[in-house]
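S.K.: Structure provided below as structure tokens; questions to follow.
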Amino acid sequence: MRSARAVEDGGAARVLETASLALVAFLVTIDPVGLVPIFLALTPGEAGPGRRRIALKGTALGGGILVAMALVGDQGLQALGISIPAFRIAGGITLLLLALEMVFQHRGVRRSTTAESMAGELDPGGVAVFPLAMPLIAGPAAITTVILQISRQDGNLAGDLAVLASLLASLAITGAVLVAASYLGRALGPTLVLMLSRLLGLLLAALSVQFVIDGVKQAFGL
């Protein structure tokens, strides 16, 4: 009886750990706080209700893309003849480069410059689809993270569900942050946004190195 309960507790602990690690990974790669000034720059002429509609629509569309990648990502890789270890190594290196951009603030400059250049060219309603849903929310880093997190579960249903739950939670947080973007932009200020972005970059760097280590171990049977 004790043994069965211990196994059950251990399984629950693993699921909780999987969910927490995945949530951190998704929040780091989507970077809701870092999206606030970019979103405001993309919607300069929108009032509160219009900006909220764009935020919710963009989050829903970006979330749909990420969920779809979570459901078909492994099969897509296999169809292309790409092994999971190879994708883990390549994805880990890609995320590490992104993390270095976040730490040294190259990513923020690049995303802000893109947003400013597009702000006068795009129809405000279309901003929800491009560039908000993709590539700002469902960008290469987020898509890579989704596939890597699912592949780490090796077909374990509880682990897959934990990853999906974390993805939905991160999307809910992203939507809430964007809905409150006008207030948060004033409250946080550029300095705090910069500090949070660098902290998230360090966390992403550690996660990306772990992906590479896992991929190397699996590739060489270590």
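Identifiers in this document derive from the order of the structure tokens: chains are assigned A, B, ..., residues are numbered from 1 separately in each chain, and ligands are numbered from 1 in order of occurrence.
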Which residues come within 6 Å of stretch 58-74 of chain A, counting only C-alpha atoms, excluding same-chain residues fewer than 5 positions away, as a list in words?
M.R.: Ala128, Val129, Leu132, Ala133, Ile137, Ala138, Val146, Ile147 and Gly175 of chain A
S.K.: Need the shell around A:Leu98: protein/DNA/RNA residues with any atom at most 9 Å away, counting only C-alpha atoms. Skip same-chain ones fewer than 5 positions apart. Format as an MDAnalysis selection string?
M.R.: chainID A and resid 29 93 103 107 141 201 204:205
S.K.: Between atom CA of A:Gly34 and atom CA of A:Glu101, measure the distance and give it in Å to one decimal.
M.R.: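 Separating atom CA of A:Gly34 from atom CA of A:Glu101 is a distance of 12.8 Å.
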S.K.: Find the residues near stretch 47-49 of chain A: any atom within 12 Å, counting only C-alpha atoms, skip ones fewer than 2 places away on the same chain, and give them as JSON, numbers by chain.
M.R.: {"A": [40, 43, 44, 45, 51, 52, 53, 54, 55, 56, 124, 178, 179, 180, 181, 182, 183]}
S.K.: For the selection just defined, write its residues with all heavy atoms to a file, as a CSV table (one decimal), in the first residue's frame.
M.R.:
chain,number,residue,atom,x,y,z
A,40,LEU,N,2.2,48.1,-27.9
A,40,LEU,CA,1.8,49.5,-27.9
A,40,LEU,C,2.2,50.2,-29.2
A,40,LEU,O,1.5,51.1,-29.7
A,40,LEU,CB,2.3,50.2,-26.7
A,40,LEU,CG,1.8,49.6,-25.3
A,40,LEU,CD1,2.4,50.3,-24.2
A,40,LEU,CD2,0.3,49.8,-25.2
A,43,THR,N,0.0,49.4,-32.1
A,43,THR,CA,-1.4,49.9,-32.1
A,43,THR,C,-1.5,51.3,-31.5
A,43,THR,O,-2.2,51.6,-30.5
A,43,THR,CB,-2.2,48.9,-31.2
A,43,THR,OG1,-1.6,48.9,-29.9
A,43,THR,CG2,-2.3,47.5,-31.7
A,44,PRO,N,-0.8,52.2,-32.2
A,44,PRO,CA,-0.7,53.6,-31.6
A,44,PRO,C,-2.0,54.3,-31.6
A,44,PRO,O,-2.3,55.2,-30.8
A,44,PRO,CB,0.3,54.3,-32.5
A,44,PRO,CG,0.2,53.5,-33.8
A,44,PRO,CD,-0.1,52.1,-33.4
A,45,GLY,N,-2.9,54.0,-32.6
A,45,GLY,CA,-4.2,54.8,-32.7
A,45,GLY,C,-5.4,54.1,-32.1
A,45,GLY,O,-6.5,54.6,-32.3
A,51,ARG,N,-7.8,47.9,-28.7
A,51,ARG,CA,-6.5,47.3,-28.4
A,51,ARG,C,-6.7,46.0,-27.7
A,51,ARG,O,-6.0,45.0,-27.9
A,51,ARG,CB,-5.7,48.3,-27.5
A,51,ARG,CG,-4.3,47.8,-27.2
A,51,ARG,CD,-3.5,49.0,-26.6
A,51,ARG,NE,-3.0,49.9,-27.6
A,51,ARG,CZ,-2.6,51.1,-27.3
A,51,ARG,NH1,-2.7,51.6,-26.1
A,51,ARG,NH2,-2.1,51.9,-28.3
A,52,ARG,N,-7.7,45.9,-26.8
A,52,ARG,CA,-8.0,44.6,-26.1
A,52,ARG,C,-8.5,43.5,-27.1
A,52,ARG,O,-8.1,42.4,-27.0
A,52,ARG,CB,-9.1,44.8,-25.0
A,52,ARG,CG,-8.6,45.5,-23.8
A,52,ARG,CD,-9.5,45.4,-22.7
A,52,ARG,NE,-10.8,46.2,-22.9
A,52,ARG,CZ,-10.9,47.5,-22.6
A,52,ARG,NH1,-9.9,48.1,-22.0
A,52,ARG,NH2,-12.0,48.1,-22.8
A,53,ARG,N,-9.3,43.9,-28.1
A,53,ARG,CA,-9.7,42.9,-29.1
A,53,ARG,C,-8.5,42.4,-29.9
A,53,ARG,O,-8.4,41.2,-30.2
A,53,ARG,CB,-10.8,43.6,-30.0
A,53,ARG,CG,-12.1,43.7,-29.4
A,53,ARG,CD,-13.2,44.0,-30.5
A,53,ARG,NE,-12.9,45.3,-31.2
A,53,ARG,CZ,-13.4,46.4,-30.7
A,53,ARG,NH1,-14.2,46.5,-29.6
A,53,ARG,NH2,-13.1,47.6,-31.4
A,54,ILE,N,-7.6,43.3,-30.3
A,54,ILE,CA,-6.4,42.9,-31.0
A,54,ILE,C,-5.6,41.9,-30.2
A,54,ILE,O,-5.1,40.9,-30.7
A,54,ILE,CB,-5.6,44.1,-31.5
A,54,ILE,CG1,-6.4,44.9,-32.5
A,54,ILE,CG2,-4.3,43.7,-32.0
A,54,ILE,CD1,-5.8,46.2,-32.9
A,55,ALA,N,-5.4,42.3,-28.9
A,55,ALA,CA,-4.6,41.4,-28.0
A,55,ALA,C,-5.2,40.0,-27.9
A,55,ALA,O,-4.5,39.0,-28.0
A,55,ALA,CB,-4.5,42.1,-26.6
A,56,LEU,N,-6.5,39.9,-27.7
A,56,LEU,CA,-7.1,38.6,-27.5
A,56,LEU,C,-7.1,37.8,-28.8
A,56,LEU,O,-6.9,36.6,-28.8
A,56,LEU,CB,-8.6,38.8,-27.0
A,56,LEU,CG,-8.7,39.4,-25.6
A,56,LEU,CD1,-10.2,39.6,-25.2
A,56,LEU,CD2,-8.1,38.5,-24.5
A,124,PRO,N,-4.6,48.3,-38.5
A,124,PRO,CA,-4.7,47.9,-37.1
A,124,PRO,C,-5.3,46.6,-36.8
A,124,PRO,O,-4.9,45.8,-36.0
A,124,PRO,CB,-5.4,49.1,-36.5
A,124,PRO,CG,-5.2,50.2,-37.4
A,124,PRO,CD,-5.1,49.6,-38.8
A,178,LEU,N,-1.2,41.5,-22.4
A,178,LEU,CA,-1.4,42.4,-23.6
A,178,LEU,C,-2.7,43.2,-23.4
A,178,LEU,O,-2.8,44.4,-23.8
A,178,LEU,CB,-1.5,41.6,-24.8
A,178,LEU,CG,-0.2,40.9,-25.3
A,178,LEU,CD1,-0.4,40.1,-26.6
A,178,LEU,CD2,0.9,41.9,-25.5
A,179,VAL,N,-3.7,42.6,-22.8
A,179,VAL,CA,-5.0,43.4,-22.5
A,179,VAL,C,-4.7,44.6,-21.6
A,179,VAL,O,-5.2,45.7,-21.8
A,179,VAL,CB,-6.0,42.5,-21.9
A,179,VAL,CG1,-7.2,43.3,-21.3
A,179,VAL,CG2,-6.6,41.5,-23.0
A,180,ALA,N,-3.8,44.4,-20.6
A,180,ALA,CA,-3.4,45.4,-19.7
A,180,ALA,C,-2.2,46.2,-20.1
A,180,ALA,O,-1.5,46.9,-19.3
A,180,ALA,CB,-3.2,44.8,-18.3
A,181,ALA,N,-1.8,46.1,-21.4
A,181,ALA,CA,-0.6,46.7,-21.9
A,181,ALA,C,-0.5,48.2,-21.7
A,181,ALA,O,0.6,48.7,-21.3
A,181,ALA,CB,-0.4,46.4,-23.4
A,182,SER,N,-1.5,48.9,-21.9
A,182,SER,CA,-1.5,50.4,-21.7
A,182,SER,C,-1.1,50.7,-20.2
A,182,SER,O,-0.2,51.6,-20.0
A,182,SER,CB,-2.8,51.0,-22.0
A,182,SER,OG,-3.2,50.8,-23.3
A,183,TYR,N,-1.7,50.0,-19.3
A,183,TYR,CA,-1.4,50.3,-17.9
A,183,TYR,C,0.0,49.8,-17.5
A,183,TYR,O,0.8,50.5,-16.9
A,183,TYR,CB,-2.4,49.6,-17.0
A,183,TYR,CG,-2.0,49.6,-15.5
A,183,TYR,CD1,-2.2,50.7,-14.7
A,183,TYR,CD2,-1.5,48.4,-14.9
A,183,TYR,CE1,-1.8,50.7,-13.4
A,183,TYR,CE2,-1.1,48.4,-13.6
A,183,TYR,CZ,-1.3,49.6,-12.8
A,183,TYR,OH,-0.9,49.6,-11.5
S.K.: Quick one, how far is atom CA of A:Pro85 from atom CA of A:Ala219?
M.R.: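 The value is 5.5 Å.
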S.K.: Nearest to A:Gln210 among A:Leu27, A:Ala19, A:Ala12, A:Gly91, with distances taken over only C-alpha atoms: which residue is it?
M.R.: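 Nearest to A:Gln210: A:Gly91.
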S.K.: Can you tell me how far atom CA of A:Leu16 sits from atom CA of A:Val177, in Å to one decimal?
M.R.: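 It comes out at 24.2 Å.
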S.K.: Extract, using only C-alpha atoms, all DNA, RNA and protein residues at most 9 Å from A:Ala25, discarding same-chain residues fewer than 5 positions from it, and format them as an MDAnalysis selection string.
M.R.: chainID A and resid 20 30 142 145:146 149 203:204 207
S.K.: Those residues with C-alpha atoms, as a PDB file, in the first residue's frame please?
M.R.:
ATOM      1  CA  SER A  20       6.544  24.043 -14.042  1.00  0.00           C
ATOM      2  CA  ILE A  30       7.023  34.201 -25.658  1.00  0.00           C
ATOM      3  CA  ALA A 142       8.216  29.316 -29.112  1.00  0.00           C
ATOM      4  CA  THR A 145      10.233  25.051 -27.378  1.00  0.00           C
ATOM      5  CA  VAL A 146       6.814  23.422 -27.834  1.00  0.00           C
ATOM      6  CA  GLN A 149       8.984  19.985 -24.485  1.00  0.00           C
ATOM      7  CA  LEU A 203      16.806  31.213 -17.574  1.00  0.00           C
ATOM      8  CA  LEU A 204      16.381  30.455 -21.275  1.00  0.00           C
ATOM      9  CA  LEU A 207      17.149  25.546 -20.466  1.00  0.00           C
TER      10      LEU A 207
END
